[in-house]
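Okay, upload13.cif now, which holds mmCIF, C-alpha atoms:
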```cif
data_run
loop_
_atom_site.label_atom_id
_atom_site.label_comp_id
_atom_site.auth_asym_id
_atom_site.auth_seq_id
_atom_site.Cartn_x
_atom_site.Cartn_y
_atom_site.Cartn_z
CA MET F 1 82.99 219.25 123.11
CA LYS F 2 84.42 215.92 122.19
CA LYS F 3 88.07 215.28 122.81
CA ASP F 4 90.36 212.99 120.80
CA LYS F 5 92.38 210.89 123.11
CA LYS F 6 95.48 210.87 120.88
CA ASN F 7 95.64 214.57 119.99
CA SER F 8 94.39 217.84 121.27
CA PHE F 9 91.97 218.69 118.37
CA ASN F 10 88.28 218.94 119.17
CA THR F 11 85.11 218.78 117.07
CA PRO F 12 81.74 220.40 117.72
CA GLU F 13 79.15 218.30 119.56
CA GLY F 14 77.35 215.83 117.26
CA TYR F 15 79.60 216.65 114.27
CA PHE F 16 80.05 213.06 113.14
CA ASP F 17 76.45 212.10 113.84
CA ASN F 18 74.98 214.27 111.05
CA PHE F 19 78.01 214.42 108.76
CA ASN F 20 76.50 211.99 106.25
CA ASP F 21 73.27 213.94 105.96
CA ARG F 22 75.07 217.22 105.47
CA LEU F 23 77.37 215.72 102.87
CA MET F 24 74.53 214.19 100.89
CA ASP F 25 72.61 217.47 100.99
CA ARG F 26 75.59 219.32 99.61
CA ILE F 27 76.18 216.78 96.82
CA LYS F 28 72.53 216.99 95.81
CA LYS F 29 72.61 220.76 95.88
CA GLU F 30 75.76 220.91 93.76
CA GLU F 31 74.38 218.42 91.29
CA ALA F 32 71.19 220.42 91.00
CA GLU F 33 73.15 223.62 90.52
CA GLU F 34 75.31 222.00 87.87
CA THR F 35 72.44 220.80 85.75
CA THR F 36 69.92 223.54 86.25
CA SER F 37 72.18 226.49 86.50
CA LEU F 38 70.87 228.07 83.32
CA ILE F 39 69.24 225.32 81.32
CA PRO F 40 65.53 224.87 82.05
CA LYS F 41 64.48 221.43 83.24
CA SER F 42 61.53 221.16 80.87
CA ASP F 43 61.49 222.11 77.20
CA GLY F 44 57.88 223.25 76.93
CA PHE F 45 56.54 220.78 74.36
CA ALA F 46 52.93 219.62 74.63
CA VAL F 47 50.75 217.04 72.83
CA PRO F 48 47.06 217.16 71.85
CA ASP F 49 44.65 215.61 74.36
CA ALA F 50 44.30 211.83 74.05
CA TYR F 51 46.99 211.69 71.37
CA PHE F 52 48.72 208.70 72.94
CA ASP F 53 45.43 206.79 73.13
CA GLU F 54 44.72 207.42 69.47
CA VAL F 55 48.16 206.69 68.06
CA THR F 56 48.13 202.97 68.96
CA PRO F 57 45.09 202.04 66.81
CA THR F 58 46.42 204.28 64.02
CA VAL F 59 49.76 202.47 63.95
CA LEU F 60 48.11 199.05 64.21
CA SER F 61 45.76 199.83 61.32
CA LYS F 62 48.80 200.59 59.15
CA THR F 63 50.77 197.50 60.14
CA VAL F 64 49.07 194.49 61.71
CA ALA F 65 45.56 195.09 60.29
CA LYS F 66 46.90 195.90 56.85
CA GLU F 67 48.72 192.61 56.63
CA THR F 68 45.87 190.39 57.79
CA LYS F 69 43.16 192.05 55.69
CA VAL F 70 42.31 189.89 52.64
CA ILE F 71 41.05 191.75 49.62
CA GLN F 72 38.66 189.76 47.41
CA PHE F 73 40.11 190.77 44.10
CA LYS F 74 38.97 187.74 42.07
CA SER F 75 35.23 188.32 42.34
CA ASN F 76 35.64 191.83 41.02
CA ARG F 77 38.05 190.84 38.31
CA ASN F 78 35.73 191.73 35.40
CA PHE F 79 34.93 195.06 36.99
CA TYR F 80 38.62 195.92 37.33
CA TYR F 81 39.28 194.83 33.73
CA GLY F 82 36.48 197.14 32.60
CA VAL F 83 37.85 200.06 34.57
CA ALA F 84 41.35 199.40 33.25
CA ALA F 85 40.10 199.26 29.64
CA VAL F 86 38.20 202.54 29.95
CA ALA F 87 41.21 204.18 31.61
CA ALA F 88 43.48 202.92 28.82
CA ILE F 89 41.15 204.39 26.15
CA PHE F 90 41.10 207.76 27.89
CA ILE F 91 44.88 207.81 28.22
CA LEU F 92 45.21 206.95 24.52
CA ILE F 93 42.80 209.71 23.47
CA PHE F 94 44.47 212.29 25.66
CA SER F 95 47.94 211.34 24.48
CA PHE F 96 46.87 212.02 20.87
CA THR F 97 44.83 215.15 21.37
CA TRP F 98 46.28 216.88 24.39
CA ASN F 99 49.55 218.65 24.08
CA SER F 100 50.53 220.31 27.31
CA ASN F 101 53.30 222.40 25.79
CA PRO F 102 52.50 223.42 22.20
CA GLU F 103 55.59 224.66 20.37
CA PRO F 104 55.34 227.62 17.96
CA ILE F 105 55.29 226.65 14.26
CA THR F 106 58.60 227.35 12.54
CA PHE F 107 59.63 227.60 8.89
CA ASP F 108 60.92 224.01 9.00
CA ASP F 109 57.41 222.74 9.75
CA LEU F 110 56.11 223.87 6.32
CA ALA F 111 55.84 221.13 3.75
CA ASN F 112 57.93 221.56 0.58
CA ALA F 113 54.77 221.26 -1.55
CA GLU F 114 53.29 224.26 0.25
CA ILE F 115 56.38 226.36 -0.42
CA GLU F 116 56.49 225.35 -4.06
CA SER F 117 52.82 226.09 -4.51
CA TYR F 118 53.33 229.52 -2.89
CA LEU F 119 56.22 230.34 -5.20
CA GLU F 120 54.27 229.21 -8.26
CA ASN F 121 51.05 231.01 -7.47
CA THR F 122 52.42 234.26 -6.12
CA ASP F 123 53.31 237.02 -8.53
CA PHE F 124 56.63 238.47 -7.36
CA GLU F 125 56.57 241.04 -10.21
CA MET F 126 60.07 239.97 -11.15
CA THR F 127 61.28 238.33 -14.34
CA SER F 128 63.69 235.37 -14.35
CA TYR F 129 66.52 237.74 -15.27
CA GLU F 130 65.74 240.06 -12.40
CA ILE F 131 65.75 237.12 -9.99
CA ALA F 132 69.03 235.92 -11.45
CA GLU F 133 70.52 239.32 -10.73
CA VAL F 134 69.71 239.25 -7.02
CA VAL F 135 70.49 235.60 -6.41
CA SER F 136 74.19 234.89 -6.37
CA LEU F 137 74.90 231.97 -8.68
CA GLU F 138 78.42 231.58 -7.40
CA GLU F 139 77.16 230.22 -4.12
CA MET F 140 74.74 227.84 -5.74
CA GLU F 141 75.26 224.18 -6.43
CA LEU F 142 73.50 221.83 -8.76
CA THR F 143 72.03 220.04 -5.76
CA ASP F 144 70.30 223.26 -4.59
CA MET F 145 68.05 223.04 -7.64
CA LEU F 146 67.31 219.37 -7.48
CA GLY F 147 64.89 217.65 -5.20
CA ASP F 148 67.13 214.61 -4.78
CA ASP F 149 70.82 214.31 -4.25
CA PHE F 150 72.13 212.24 -7.15
CA GLU F 151 74.94 209.82 -6.63
CA ASP F 152 77.82 209.97 -9.13
CA ASP F 153 77.24 206.45 -10.46
CA ILE F 154 73.58 207.24 -11.23
CA ILE F 155 74.72 210.23 -13.32
CA MET F 156 77.29 208.08 -15.11
CA GLU F 157 74.71 205.43 -15.80
CA TYR F 158 72.39 208.04 -17.28
CA LEU F 159 75.14 209.37 -19.49
CA ASP F 160 76.08 205.86 -20.60
CA GLU F 161 72.57 205.16 -21.70
CA ASN F 162 71.85 208.48 -23.36
CA VAL F 163 75.13 209.64 -24.83
CA GLU F 164 76.27 207.90 -28.01
CA ASP F 165 79.97 207.87 -27.31
CA ILE F 166 80.73 208.38 -23.66
CA LYS F 167 84.46 208.53 -24.32
CA GLU F 168 84.01 211.79 -26.19
CA LEU F 169 83.07 213.41 -22.91
CA ASN F 170 86.65 212.86 -21.69
CA LEU F 171 85.62 211.92 -18.22
CA ASP F 172 88.38 211.29 -15.71
CA ASP F 173 86.59 208.47 -14.07
CA THR F 174 88.47 205.43 -15.35
CA ASP F 175 86.80 203.06 -12.96
CA TYR F 176 83.68 203.18 -15.01
CA GLU F 177 83.29 200.78 -18.02
CA MET B 1 55.77 194.75 81.65
CA ILE B 2 56.69 191.90 79.36
CA ALA B 3 60.35 190.84 79.22
CA GLU B 4 62.13 192.16 76.15
CA GLU B 5 63.48 188.78 75.05
CA THR B 6 60.02 187.22 75.19
CA LEU B 7 58.61 190.11 73.23
CA VAL B 8 61.23 189.73 70.51
CA GLN B 9 60.51 185.99 70.27
CA GLU B 10 56.80 186.66 69.94
CA LEU B 11 57.37 189.36 67.34
CA LYS B 12 59.34 186.97 65.19
CA GLN B 13 56.64 184.28 65.24
CA GLU B 14 53.76 184.93 62.90
CA ALA B 15 51.10 183.54 65.23
CA SER B 16 51.93 185.89 68.08
CA ARG B 17 53.19 188.85 66.07
CA SER B 18 50.05 191.01 66.08
CA LYS B 19 49.53 190.80 69.81
CA ALA B 20 53.23 191.34 70.56
CA PHE B 21 53.40 194.33 68.25
CA GLU B 22 50.48 195.95 70.02
CA VAL B 23 52.35 195.53 73.32
CA LEU B 24 55.45 197.01 71.72
CA VAL B 25 53.58 200.09 70.46
CA LYS B 26 51.89 200.65 73.80
CA THR B 27 55.16 200.28 75.71
CA TYR B 28 57.39 202.49 73.60
CA LYS B 29 55.12 205.04 71.87
CA GLU B 30 55.60 207.79 74.44
CA ARG B 31 59.34 207.42 74.80
CA LEU B 32 59.86 207.34 71.04
CA TYR B 33 57.42 210.23 70.55
CA TRP B 34 59.43 212.50 72.84
CA HIS B 35 62.69 211.44 71.26
CA ILE B 36 61.39 212.28 67.77
CA ARG B 37 59.62 215.45 68.94
CA ARG B 38 62.88 216.86 70.25
CA ILE B 39 64.43 216.41 66.82
CA VAL B 40 61.62 217.55 64.50
CA LEU B 41 59.98 219.95 67.05
CA ASN B 42 56.51 220.08 65.48
CA HIS B 43 53.74 217.72 66.69
CA ASP B 44 52.28 216.81 63.28
CA ASP B 45 55.69 215.98 61.84
CA THR B 46 56.46 213.94 64.96
CA ASP B 47 53.24 211.98 64.49
CA ASP B 48 54.23 211.14 60.88
CA VAL B 49 57.74 210.11 61.84
CA LEU B 50 56.54 208.07 64.83
CA GLN B 51 54.15 206.10 62.63
CA ASN B 52 56.85 205.57 59.99
CA THR B 53 59.19 204.37 62.72
CA PHE B 54 56.73 201.74 63.96
CA ILE B 55 55.94 200.64 60.40
CA LYS B 56 59.68 200.18 59.79
CA VAL B 57 60.08 198.28 63.06
CA TYR B 58 57.19 195.99 62.10
CA ARG B 59 58.59 195.33 58.62
CA SER B 60 62.15 194.73 59.70
CA ILE B 61 61.69 192.87 62.97
CA ASP B 62 63.13 189.74 61.30
CA LYS B 63 66.36 191.65 60.70
CA PHE B 64 66.73 192.44 64.41
CA LYS B 65 69.57 190.19 65.53
CA GLY B 66 69.47 190.93 69.23
CA ASP B 67 73.03 192.35 69.37
CA SER B 68 71.59 195.39 71.11
CA LYS B 69 68.44 195.96 73.13
CA LEU B 70 65.20 196.15 71.19
CA TYR B 71 64.66 199.54 72.78
CA SER B 72 68.02 200.87 71.53
CA TRP B 73 67.35 199.42 68.07
CA MET B 74 64.04 201.25 67.88
CA TYR B 75 65.69 204.47 69.05
CA ARG B 76 68.18 204.08 66.23
CA ILE B 77 65.38 203.67 63.68
CA ALA B 78 63.51 206.67 65.15
CA THR B 79 66.67 208.81 65.00
CA ASN B 80 67.39 207.87 61.40
CA GLU B 81 63.77 208.44 60.36
CA SER B 82 63.75 211.86 62.03
CA LEU B 83 67.01 213.02 60.47
CA THR B 84 65.98 211.70 57.04
CA PHE B 85 62.64 213.48 57.41
CA LEU B 86 64.41 216.79 58.08
CA LYS B 87 66.76 216.26 55.13
CA GLN B 88 63.84 215.63 52.80
CA LYS B 89 61.99 218.63 54.18
CA SER B 90 64.90 221.00 53.60
CA LYS B 91 65.34 219.62 50.09
CA LYS B 92 61.64 220.08 49.33
CA MET B 93 61.73 223.65 50.63
CA GLY B 94 64.99 224.37 48.81
CA VAL B 95 66.77 225.61 51.93
CA SER B 96 69.91 224.51 53.77
CA ASP B 97 69.75 222.22 56.83
CA GLN B 98 70.67 225.11 59.12
CA GLU B 99 68.07 227.42 57.59
CA LEU B 100 65.41 224.77 58.13
CA LYS B 101 66.43 224.40 61.81
CA ASP B 102 66.21 228.16 62.31
CA ARG B 103 62.78 228.27 60.69
CA MET B 104 61.57 225.36 62.83
CA VAL B 105 62.50 227.26 65.98
CA GLU B 106 60.84 230.44 64.68
CA ASN B 107 57.66 228.48 64.00
CA LEU B 108 57.58 227.30 67.62
CA GLN B 109 56.35 230.72 68.71
CA ALA B 110 53.12 230.17 66.81
CA ASP B 111 52.84 226.46 67.69
CA VAL B 112 49.79 225.69 69.82
CA TYR B 113 51.56 222.63 71.21
CA PHE B 114 54.52 224.57 72.50
CA ASP B 115 53.98 226.03 75.95
CA GLY B 116 57.54 227.19 76.37
CA ASP B 117 58.40 230.57 77.84
CA GLU B 118 61.19 232.85 76.73
CA ILE B 119 63.99 230.80 78.28
CA GLN B 120 62.67 227.57 76.75
CA LEU B 121 62.52 229.22 73.35
CA LYS B 122 66.09 230.41 73.83
CA LEU B 123 67.07 226.87 74.72
CA GLN B 124 65.64 225.67 71.39
CA LYS B 125 67.58 228.41 69.60
CA ALA B 126 70.73 227.28 71.36
CA LEU B 127 70.05 223.63 70.47
CA ALA B 128 69.61 224.60 66.81
CA THR B 129 73.21 225.84 66.75
CA LEU B 130 74.62 222.47 67.85
CA PRO B 131 75.81 219.69 65.53
CA ASP B 132 73.23 216.87 65.24
CA LYS B 133 75.14 214.43 67.42
CA GLN B 134 75.68 216.87 70.28
CA LYS B 135 72.04 217.88 70.21
CA LEU B 136 70.91 214.24 70.25
CA VAL B 137 73.17 213.31 73.15
CA PHE B 138 72.09 216.35 75.12
CA THR B 139 68.35 215.79 74.72
CA MET B 140 68.62 212.04 75.36
CA LYS B 141 70.61 212.59 78.53
CA TYR B 142 69.13 215.79 79.88
CA PHE B 143 65.44 215.51 79.01
CA GLN B 144 64.95 211.79 78.47
CA GLU B 145 67.33 210.87 81.29
CA MET B 146 68.74 207.91 79.39
CA LYS B 147 71.83 206.06 80.55
CA TYR B 148 75.03 206.56 78.57
CA LYS B 149 75.12 202.83 77.86
CA ASP B 150 71.69 202.94 76.19
CA ILE B 151 72.52 206.12 74.26
CA SER B 152 75.74 204.44 73.17
CA GLU B 153 73.79 201.52 71.67
CA ALA B 154 71.18 203.77 70.06
CA LEU B 155 73.66 206.15 68.45
CA ASP B 156 76.40 203.58 67.86
CA THR B 157 78.98 205.75 69.61
CA SER B 158 81.32 204.96 72.50
CA VAL B 159 80.36 206.06 76.00
CA GLY B 160 83.53 208.18 76.24
CA ALA B 161 82.69 210.07 73.05
CA LEU B 162 79.13 210.59 74.28
CA LYS B 163 80.32 212.06 77.57
CA THR B 164 82.55 214.48 75.68
CA SER B 165 79.70 215.44 73.35
CA TYR B 166 77.35 216.00 76.29
CA HIS B 167 79.89 218.12 78.13
CA LEU B 168 80.51 220.25 75.03
CA ALA B 169 76.78 220.61 74.40
CA VAL B 170 76.13 221.81 77.96
CA LYS B 171 78.96 224.35 77.73
CA LYS B 172 77.73 225.68 74.38
CA ILE B 173 74.11 225.94 75.53
CA GLU B 174 75.09 227.72 78.73
CA ALA B 175 77.31 230.11 76.81
CA TYR B 176 74.47 230.83 74.35
CA LEU B 177 71.98 231.44 77.15
CA LYS B 178 74.42 233.76 78.94
CA GLU B 179 75.14 235.76 75.79
CA ASN B 180 71.52 236.11 74.79
#
```

The structure in this file should be written as structure tokens.
Amino acid sequence: MKKDKKNSFNTPEGYFDNFNDRLMDRIKKEEAEETTSLIPKSDGFAVPDAYFDEVTPTVLSKTVAKETKVIQFKSNRNFYYGVAAVAAIFILIFSFTWNSNPEPITFDDLANAEIESYLENTDFEMTSYEIAEVVSLEEMELTDMLGDDFEDDIIMEYLDENVEDIKELNLDDTDYE
Amino acid sequence: MIAEETLVQELKQEASRSKAFEVLVKTYKERLYWHIRRIVLNHDDTDDVLQNTFIKVYRSIDKFKGDSKLYSWMYRIATNESLTFLKQKSKKMGVSDQELKDRMVENLQADVYFDGDEIQLKLQKALATLPDKQKLVFTMKYFQEMKYKDISEALDTSVGALKTSYHLAVKKIEAYLKEN
């Protein structure tokens, strides 16, 4: 037992001699408990054998080696031109002949000539009067019958040339003359 | 090991670039690999991202101003490449970021390069629930044993904020492991 000269408290023998060691042990233990209480120290990932030896040349081949490698393009220029020309011809042919998404043919795709020829050559077994009965004339316009849409001034010009006295027609259009 | 400043100088000079870059790859490949691996989890994806990271470092070495350590700068590139890789992957698969993370952890069970036991798998599940920043700080501190100062440079975040993120991450992981 060691006695303090100034007070009457005592400490066990050798208490201060190993205090530091005991303190450090406890700190280490607490630190270890804090960090590894539940969370595992390793996360279980692995790499293929020799991966780290192989990755260096792989990276260098894609960076350093790629930059310093000189490709002799000039000597093969004619060859590349030939390849490019053949490729261009193929692309041209395919773009004309190959349709990846063919659309179904609709009524609008038929040419007018084909429709007219069909109407002329097919016997509907109906006379003009019978057709007139089923087709409503009220909804029809002059332009429905004509192939071209005539402008007013073209009509007036026609009348001027073919009618003897245009004034007899009593047209409202005073701008004309 | 070659001093970082010397290495940077040599990388910026064309005559010494090739040799210096080889030293750089050899010095940092393992550290960057493990950093990327802990983000993308799968070895093949890690290999792709690691190579992309080095290619980017090689191409943009002239842009490195030396404000931070070369090592932290490369960590930043590796982090960005990894997170971009995951974003592109989730977009390609047509799933959300969280769904991709969950699937990545599920795939670990069949991964030949994952030796983890049940608790390590649970740890990955817990990590998948964390926000990106918290997960990054946790893995960099806990598994890679990086100093807060270096993490701060790599993630461009203050040391104080990192300590908070780490503390929160540990609490969340522990709570997850206790619950499950």

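CA of Glu4 in chain B lies 28.5 Å from CA of Asp45 in chain B.
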
Counting all atoms listed in the file, a student should be able to say which residues of chain B come within 10 Å of chain F; what is the right answer, written as a tab-separated table (two decimals) with C-alpha atoms, in the coordinates of the input?
```
chain	number	residue	atom	x	y	z
B	17	ARG	CA	53.19	188.85	66.07
B	18	SER	CA	50.05	191.01	66.08
B	19	LYS	CA	49.53	190.80	69.81
B	21	PHE	CA	53.40	194.33	68.25
B	22	GLU	CA	50.48	195.95	70.02
B	23	VAL	CA	52.35	195.53	73.32
B	24	LEU	CA	55.45	197.01	71.72
B	25	VAL	CA	53.58	200.09	70.46
B	26	LYS	CA	51.89	200.65	73.80
B	29	LYS	CA	55.12	205.04	71.87
B	30	GLU	CA	55.60	207.79	74.44
B	33	TYR	CA	57.42	210.23	70.55
B	34	TRP	CA	59.43	212.50	72.84
B	37	ARG	CA	59.62	215.45	68.94
B	38	ARG	CA	62.88	216.86	70.25
B	41	LEU	CA	59.98	219.95	67.05
B	42	ASN	CA	56.51	220.08	65.48
B	43	HIS	CA	53.74	217.72	66.69
B	44	ASP	CA	52.28	216.81	63.28
B	47	ASP	CA	53.24	211.98	64.49
B	50	LEU	CA	56.54	208.07	64.83
B	51	GLN	CA	54.15	206.10	62.63
B	52	ASN	CA	56.85	205.57	59.99
B	53	THR	CA	59.19	204.37	62.72
B	54	PHE	CA	56.73	201.74	63.96
B	55	ILE	CA	55.94	200.64	60.40
B	56	LYS	CA	59.68	200.18	59.79
B	57	VAL	CA	60.08	198.28	63.06
B	58	TYR	CA	57.19	195.99	62.10
B	59	ARG	CA	58.59	195.33	58.62
B	108	LEU	CA	57.58	227.30	67.62
B	111	ASP	CA	52.84	226.46	67.69
B	112	VAL	CA	49.79	225.69	69.82
B	113	TYR	CA	51.56	222.63	71.21
B	114	PHE	CA	54.52	224.57	72.50
B	115	ASP	CA	53.98	226.03	75.95
B	116	GLY	CA	57.54	227.19	76.37
B	117	ASP	CA	58.40	230.57	77.84
B	119	ILE	CA	63.99	230.80	78.28
B	120	GLN	CA	62.67	227.57	76.75
B	121	LEU	CA	62.52	229.22	73.35
B	122	LYS	CA	66.09	230.41	73.83
B	123	LEU	CA	67.07	226.87	74.72
B	124	GLN	CA	65.64	225.67	71.39
B	139	THR	CA	68.35	215.79	74.72
B	142	TYR	CA	69.13	215.79	79.88
B	143	PHE	CA	65.44	215.51	79.01
B	170	VAL	CA	76.13	221.81	77.96
B	173	ILE	CA	74.11	225.94	75.53
B	174	GLU	CA	75.09	227.72	78.73
B	175	ALA	CA	77.31	230.11	76.81
B	177	LEU	CA	71.98	231.44	77.15
B	178	LYS	CA	74.42	233.76	78.94
```

Handout entry: Interatomic distance (Å, one decimal) between CA of Thr46 in chain B and CA of Gln13 in chain B
Key =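 Spanning CA of Thr46 in chain B to CA of Gln13 in chain B is a straight-line distance of 29.7 Å.
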
Handout entry: Spatial neighbours of Leu136 in chain B, 10 Å, all atoms listed in the file, chain gap at least 2 places, as a list in words
Key =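 Contacts, in chain order: His35, Arg38, Ile39, Thr79, Leu127, Leu130, Pro131, Asp132, Lys133, Gln134, Phe138, Thr139, Met140, Lys141, Tyr142, Ile151, Leu155, Leu162, Ser165, Tyr166 and Ala169 of chain B.
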
Handout entry: Pairwise distance for CA of Lys163 in chain B and CA of Tyr148 in chain B, rounded to one decimal in Å
Key = 7.7 Å

Exercise for the section: I need the residue set behind the PyMOL selection byres ((chain B and resi 102) around 12) for this file; please write it as number ranges by chain. Expected result: B: 40-41, 90, 95-101, 103-108, 121-122, 124-130
